[in-house]
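Reviewing the structure listed below.
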Amino acid sequence: MNTDQYIEVFLDESREHLQAINDNLLKLEKQPTEIEIVQEIFRSAHTLKGMSATMGFEDIASLTHQMENVLDKIRHYELTVTTEVIDLTFAAVEALEVMVQSISEGNNGKKDVTKLVSQLKQVETGKPSEEEASVGQPPATELLEIDEYQATIISQAVNNGYQAFQITVKLTEDCMLKGPRAYMVFSNLEPLGEAIKTVPDVDEIEEGNFDQSFSFLFISTESSKLIQETIEKVSEIEKVEIAGFSMKEQSVEIPKETVQSTEDKKQTTKEKPKQSKTIRVNIERIDHLMNLFEEVIIDRSRLEDLSKKYIDQELNETVENMTRVTEDMQGLLLAMRMVPIDQVFNRFPRMVRDLSKDLHKKISLEIIGSDTELDRTVIDEIGDPLVHLIRNSLDHGIETPEKRLQAGKAEEGKITLKAYHSGNHVFIDIVDDGAGINREKVEEKAIENGLISVEHSKQLSDEEVYHLIFASGFSTADQISDISGRGVGLDVVKNKIESLGGSIVVSSEPGKGSMFSIQLPLTLSILSTLLVKVQQETFAIPLSSIIETVALSPQDIKYVHGQKVMDFRGHIVPLVSLNKVYGVSDQDDSSHSVVIIQKGDKRSGLLVDSFIGQREVVLKSLGNYLKNIFAISGATILGNGEVCLIIDPNALVK
Amino acid sequence: MARVLITDDAAFMRMQLKDIVTKLGHEVVGEAENGLIAIEQAKELQPDLITMDITMPEMNGVDATREIRKALPAAKIIMCSAMGQQSMVVDAIQAGANDFIVKPFNMDRIKESLSKVLS
Amino acid sequence: MEETVKVIVFTLNNQRYGADIKQVMSIEKMKEITKVPGTSDFIKGIISLHGETVPVLDLKERLQIAQTKESDLNRIIVVQVDGIQVGLIVDAATDVMDVDSSVIETAKEMGGMVHKDYIKGVAKLENELLILLDLANVLALTEKEELKEVMEH
């Protein structure tokens with residue numbers, strides 16, 4: 001079967017399930033008696049097994065199969081959760097991750113998992129697995145032997161007009177669940193008569209403990225043809241042999257129970273309560289949809305113009321309705337790109353667990369606000385910087401348990417990862433309760449690396465000194481450990497965050513800990529803006545920079561050193577003429593509408609002709625061809641098809 | 001041609017089954033990702049045949065089979081099981097399932113099952 | 001081996017020029033162009049095209065060919081070179097023709113009409129000389145000059 005077309009879905013779902021196992025294992029480690037969690041893990045392992053077997057990734061299938069066996073025993077209280085079990089399962093998950101990764105890179109996903117499998121088997125049974133130990137029963141071709149009791153039943157039945165048949169059913173070679181298959185045979189036959197004796201025992205048959213065939217005695221008033229047909233209705237039957245049975249050469253056996261007793265292994269499957277309905281969509285398709293949608297908007301505005309031209313009630317209503325619908329559509333499209341930051345955060349519990357073990361530290365991780373949503377493009381980029389910062393906190397921030405105890409702190413250190421929205425931004429804080437940043441060490445290192453001079457260092461505030469750790473090639477650890485400080489410094493983190501339009505600050509208190517705070521734009525592609533007119537041109541100003549809009553009368557404009565300024569609530573704010581900055585026209589400024597913008601604690605007033613209104617716009621880069629244009633961060637296409645430039649307010653505040 | 005409802009919590013499995021079932025000339029009229037949805041869909045769509053995964057969130061395949069059996073006595077239900085689910089499969093058959101297939105799926109096997117169940 | 005190149009033919013100030021059609025994405029009628037401040041004069045601004053913004057430059061200005069009157073025949077040829085889409089304003093886009101590669105000569109001096117860096121070759125056709133432009137250079141040089149301008153500021 002050609003499975004290539006499924007590979008992407010396979011990979012996606014596999015990663016999801018591996019992540020779920022990871023998360024649940026961490027939970028289980030804390031609550032080892034919580035069988036619900038085991039159920040969850042079991043379910044994920046089970047799904048993985050099914051998918052990988054279908055795709056022909058046998059190593060994944062065999063490993064997950066063995067995991068499942070162990071988990072099955074746990075959930076049936078036949079095995080308890082020990083550190084060994086957890087560690088081994090983690091190791092298995094790690095191997096699975098490697099294999100899935102290998103598949104995603106176009107390889108065959110093969111990996112020698114025999115060691116892990118046998119370790120898991122040992123956990124499961126304390127001995128090699130049943131598969132190896134199970135020996136198939138010899139095919140029951142010989143005449144069935146019956147005991148006295150059975151003989152009595154048969155003879156009575158025969159006297160009552162029943163016939164006795166010896167039936168041998170051979171299943172197909174590739175039949176995988178022989179037990180249930182055999183059960184179906186018996187279940188189908190039930191209305192026709194009664195099975196008296198089976199070889200092997202009923203229990204064994206229903207456990208599937210036979211080679212390929214099983215035999216039984218069956219008493220019935222029906223014809224052998226009907227019996228045969230009834231059995232053949234069951235799938236995976238290769239051959240049915242039916243012969244009349246006569247009691248001649250029987251010897252007496254110890255009576256055995258022949259009543260069909262299906263094991264009552266009730267499987268409690270109280271499952272995860274919440275699971276939202278989702279489908280997977282390639283992000284490119286959403287982008288494409290977005291572009292198409294924008295074209296619809298452009299046509300919509302043409303229709304609006306037309307409906308004004310040909311005044312027609314019905315046309316007008318249709319267009320108005322279309323406007324409403326498309327506005328809703330836009331909202332949905334924008335929301336589609338938003339994904340919870342959990343997608344990034346979910347790998348950290350495991351990472352912190354593993355790294356703290358490696359570092360011989362005790363560290364707990366608290367995650368707050370993992371449902372905070374961010375644009376997909378930001379999510380994709382923010383993972384690595386966060387990994388780096390958390391590693392940094394683990395390595396340099398949190399002290400060893402000994403040091404912590406000496407300092408009178410709890411033995412276990414704590415890292416808090418917190419995400420939240422504020423305005424048009426998302427903030428991510430990484431807080432640790434470690435030793436804090438050592439100012440002297442940072443200074444020393446910075447001087448050593450020629451970043452600052454000794455004199456200079458004395459003038460710097462603590463914050464400024466701390467910020468030096470973002471300078472290139474900085475590492476303050478006394479010993480370079482494996483975890484961080486491998487030449488890749490926090491400067492890389494800072495650059496990445498800035499390239500995403502964000503910023504990072506650090507604060508620290510000696511002995512109490514440090515906090516890295518990242519500010520990111522909610523989205524890279526959608527901007528809330530104020531549209532303004534400057535002469536005949538329209539510009540968009542990001543709302544995030546705007547404090548206020550004011551109307552100015554000519555006498556409010558003052559000049560300081562030849563620079564136009566205005567008095568804004570007692571503060572002198574320089575005025576910037578967009579007409580002049582962007583060279584819109586040679587005409588003199590008659591504009592008296594001002595947009596007050598802010599960058600840090602500095603403000604500017606932008607002179608414009610008029611305000612059009614607030615608009616959500618889709619940010620389009622001007623592309624490589626027109627880069628580095630002063631005070632322009634991009635362009636957008638307005639509803640009427642007009643292209644409008646987006647102002648970069650930061651460049652206009654001095 | 002039978003009208004088929006596919007039930008599995010893994011989209012991947014649903015895709016596969018849908019593909020196979022369609023290739024075998026049947027019409028997939030619905031997909032459900034858990035037992036509860038399967039019951040709803042079965043009642044609404046009245047399919048001739050339902051494929052039913054066993055381990056699913058919200059409601060497992062055995063319980064769903066039991067419920068569907070009440071509402072649609074004539075619909076054929078094929079369980080989709082995996083190795084190691086013997087007892088669940090037996091439970092499902094007791095609950096009214098007509099057949100079962102075992103993952104990984106194999107086209108011939110599914111073909112056999114469909115033709116036996118639908119005959 | 002007879003090889004032919006498909007070229008799009010357009011006019012700039014009554015002279016016919018050609019460009020490899022493989023680099024041409026589409027031909028658009030003139031539409032409203034939004035000016036982008038602080039760029040070279042020959043960059044006329046950006047237009048909206050299928051939901052994306054595309055910079056547009058005036059090819060005559062770029063090649064320093066004398067300006068002509070605007071007309072209804074004016075077109076924007078949207079080309080893609082090295083992953084960058086750019087619209088080129090031409091007087092008219094006339095036709096598409098197959099040019100036998102054997103009649104194409106590599107560009108020498110063209111008597112100062114167009115700088116030789118922008119010319120890929122000249123096709124000697126029956127009754128005319130068709131100048132084939134090297135779009136990569138037409139665009140790339142622009143960028144260099146842009147950069148220079150920025151640095152001189």
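Every chain in the structure tokens takes a letter, A first, then B, and so on in the order presented; its residues are numbered from 1, and the ligands are numbered from 1 following the presented order.
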
Mind the document's chain letters and residue numbers, and return as a PyMOL selection string the residues of stretch 305-386 of chain A that DSSP labels strand (DSSP E or B). chain A and resi 338-340+363-368+373-375

So that I have them on file, write out the residues from the current selection with C-alpha atoms, as a PDB file, in the first residue's frame.
```pdb
ATOM      1  CA  MET A 338      -3.077  32.110  16.254  1.00  0.00           C
ATOM      2  CA  VAL A 339      -1.869  29.106  18.187  1.00  0.00           C
ATOM      3  CA  PRO A 340      -1.409  28.612  21.907  1.00  0.00           C
ATOM      4  CA  ILE A 363      14.529  22.077  40.008  1.00  0.00           C
ATOM      5  CA  SER A 364      10.822  22.358  39.525  1.00  0.00           C
ATOM      6  CA  LEU A 365       9.250  24.126  36.597  1.00  0.00           C
ATOM      7  CA  GLU A 366       6.041  26.041  36.804  1.00  0.00           C
ATOM      8  CA  ILE A 367       4.278  27.044  33.623  1.00  0.00           C
ATOM      9  CA  ILE A 368       1.683  29.778  33.661  1.00  0.00           C
ATOM     10  CA  GLU A 373      -2.079  32.684  21.823  1.00  0.00           C
ATOM     11  CA  LEU A 374       0.521  33.949  19.425  1.00  0.00           C
ATOM     12  CA  ASP A 375       0.837  34.170  15.702  1.00  0.00           C
TER      13      ASP A 375
END
```

Excluding stretch 89-93 of chain B and its own-chain neighbours fewer than 4 positions away, which residues fall within 8 Å of it when counting only C-alpha atoms? Please give them as number ranges by chain. A: 180, 183-184, 262; B: 54, 61-63, 65-66, 79, 81, 85, 97-100

With 10 Å as the cut-off and only C-alpha atoms counted, what is the closest atom pair between each nearby residue of stretch 80-100 of chain C and stretch 113-135 of chain C? Distances in Å to one decimal, ordered by chain and number, as a tab-separated table.
```
residue	atom	partner	partner_atom	distance
C:Gln80	CA	C:Leu135	CA	9.0
C:Val81	CA	C:Leu135	CA	7.2
C:Val99	CA	C:Ala123	CA	7.4
C:Asp100	CA	C:Ala123	CA	8.3
```

With all heavy atoms retained, export the selected residues as a PDB file, in the first residue's frame.
```pdb
ATOM      1  N   GLN C  80      10.003  38.130 -12.462  1.00  0.00           N
ATOM      2  CA  GLN C  80      10.577  37.575 -11.241  1.00  0.00           C
ATOM      3  C   GLN C  80      12.011  37.165 -11.531  1.00  0.00           C
ATOM      4  O   GLN C  80      12.272  36.329 -12.390  1.00  0.00           O
ATOM      5  CB  GLN C  80       9.768  36.371 -10.759  1.00  0.00           C
ATOM      6  CG  GLN C  80      10.380  35.758  -9.514  1.00  0.00           C
ATOM      7  CD  GLN C  80       9.382  34.946  -8.719  1.00  0.00           C
ATOM      8  OE1 GLN C  80       8.183  35.082  -8.879  1.00  0.00           O
ATOM      9  NE2 GLN C  80       9.896  34.082  -7.863  1.00  0.00           N
ATOM     10  N   VAL C  81      12.916  37.783 -10.803  1.00  0.00           N
ATOM     11  CA  VAL C  81      14.329  37.477 -10.988  1.00  0.00           C
ATOM     12  C   VAL C  81      14.938  37.221  -9.618  1.00  0.00           C
ATOM     13  O   VAL C  81      14.782  38.026  -8.709  1.00  0.00           O
ATOM     14  CB  VAL C  81      15.055  38.662 -11.671  1.00  0.00           C
ATOM     15  CG1 VAL C  81      16.529  38.338 -11.836  1.00  0.00           C
ATOM     16  CG2 VAL C  81      14.426  38.970 -13.017  1.00  0.00           C
ATOM     17  N   VAL C  99      12.675  33.291 -30.887  1.00  0.00           N
ATOM     18  CA  VAL C  99      13.889  33.786 -31.528  1.00  0.00           C
ATOM     19  C   VAL C  99      14.888  32.648 -31.593  1.00  0.00           C
ATOM     20  O   VAL C  99      15.159  31.995 -30.581  1.00  0.00           O
ATOM     21  CB  VAL C  99      14.483  34.982 -30.748  1.00  0.00           C
ATOM     22  CG1 VAL C  99      15.817  35.404 -31.350  1.00  0.00           C
ATOM     23  CG2 VAL C  99      13.504  36.147 -30.753  1.00  0.00           C
ATOM     24  N   ASP C 100      15.378  32.421 -32.771  1.00  0.00           N
ATOM     25  CA  ASP C 100      16.375  31.379 -32.960  1.00  0.00           C
ATOM     26  C   ASP C 100      17.654  31.797 -32.253  1.00  0.00           C
ATOM     27  O   ASP C 100      18.168  32.894 -32.489  1.00  0.00           O
ATOM     28  CB  ASP C 100      16.616  31.253 -34.477  1.00  0.00           C
ATOM     29  CG  ASP C 100      17.164  29.883 -34.775  1.00  0.00           C
ATOM     30  OD1 ASP C 100      18.029  29.430 -34.012  1.00  0.00           O
ATOM     31  OD2 ASP C 100      16.699  29.279 -35.760  1.00  0.00           O
TER      32      ASP C 100
END
```

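Picture a line from atom CA of C:Asn13 to atom CA of C:Ser101; it runs 25.6 Å.
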
Which residues are close to C:Lys44, i.e. within 8 Å by only C-alpha atoms, leaving aside same-chain residues fewer than 3 positions away? Reply as a list in words. Ile33, Thr34, Lys35, Val36, Asp41, Pro55, Val56, Leu57 and Asp58 of chain C

Residues at most 8 Å from stretch 33-43 of chain B, counting only C-alpha atoms, excluding those fewer than 2 positions away in the same chain, as number ranges by chain? B: 5, 7-11, 30-31, 45-47, 50, 56-61, 63-64, 67-68, 71-72

12 Å contact set for A:Arg569, only C-alpha atoms, chain neighbours under 6 positions out, as a VMD selection string: chain A and resid 548 550 556 596

Using the selection just defined, write its residues with N, CA and C atoms as a PDB file, in the first residue's frame.
```
ATOM      1  N   GLU A 548      -2.201  59.324  21.704  1.00  0.00           N
ATOM      2  CA  GLU A 548      -3.384  60.152  21.592  1.00  0.00           C
ATOM      3  C   GLU A 548      -3.381  60.881  20.260  1.00  0.00           C
ATOM      4  N   VAL A 550      -4.613  64.598  18.669  1.00  0.00           N
ATOM      5  CA  VAL A 550      -5.120  65.898  19.083  1.00  0.00           C
ATOM      6  C   VAL A 550      -5.260  66.836  17.878  1.00  0.00           C
ATOM      7  N   ASP A 556      -0.904  77.058  18.792  1.00  0.00           N
ATOM      8  CA  ASP A 556      -0.303  76.120  19.729  1.00  0.00           C
ATOM      9  C   ASP A 556       1.084  75.673  19.278  1.00  0.00           C
ATOM     10  N   ILE A 596       0.119  61.786  18.564  1.00  0.00           N
ATOM     11  CA  ILE A 596       1.222  61.730  19.522  1.00  0.00           C
ATOM     12  C   ILE A 596       1.694  60.278  19.614  1.00  0.00           C
TER      13      ILE A 596
END
```

Would you list the contacts of B:Leu24 as a list in words, taking every protein, DNA or RNA residue within 12 Å and counting only C-alpha atoms, but skipping same-chain residues closer than 5 positions in sequence? Met1, Ala2, Arg3, Val4, Leu17, Lys18, Asp19, Met107, Asp108, Arg109, Ile110, Lys111, Glu112, Ser113, Leu114 and Ser115 of chain B

May I have the selected residues written with C-alpha atoms, as an mmCIF file, in the first residue's frame?
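Full text of out_37.cif as output:
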```
data_model
loop_
_atom_site.group_PDB
_atom_site.id
_atom_site.type_symbol
_atom_site.label_atom_id
_atom_site.label_comp_id
_atom_site.auth_asym_id
_atom_site.auth_seq_id
_atom_site.Cartn_x
_atom_site.Cartn_y
_atom_site.Cartn_z
ATOM 1 C CA MET B 1 -22.129 -0.154 -2.548
ATOM 2 C CA ALA B 2 -22.491 0.488 1.122
ATOM 3 C CA ARG B 3 -22.665 3.787 2.934
ATOM 4 C CA VAL B 4 -19.902 3.753 5.499
ATOM 5 C CA LEU B 17 -9.599 3.556 6.026
ATOM 6 C CA LYS B 18 -11.471 6.059 3.961
ATOM 7 C CA ASP B 19 -9.054 5.556 1.165
ATOM 8 C CA MET B 107 -6.608 -4.075 1.889
ATOM 9 C CA ASP B 108 -7.423 -7.716 1.179
ATOM 10 C CA ARG B 109 -8.387 -8.301 4.723
ATOM 11 C CA ILE B 110 -10.710 -5.314 4.758
ATOM 12 C CA LYS B 111 -12.191 -6.424 1.477
ATOM 13 C CA GLU B 112 -12.895 -9.847 2.921
ATOM 14 C CA SER B 113 -14.435 -8.413 6.019
ATOM 15 C CA LEU B 114 -16.667 -6.005 4.127
ATOM 16 C CA SER B 115 -17.910 -8.653 1.745
#
```

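Computed from the coordinates, the atom CA of A:Ser213 to atom CA of B:Lys103 distance equals 21.7 Å.
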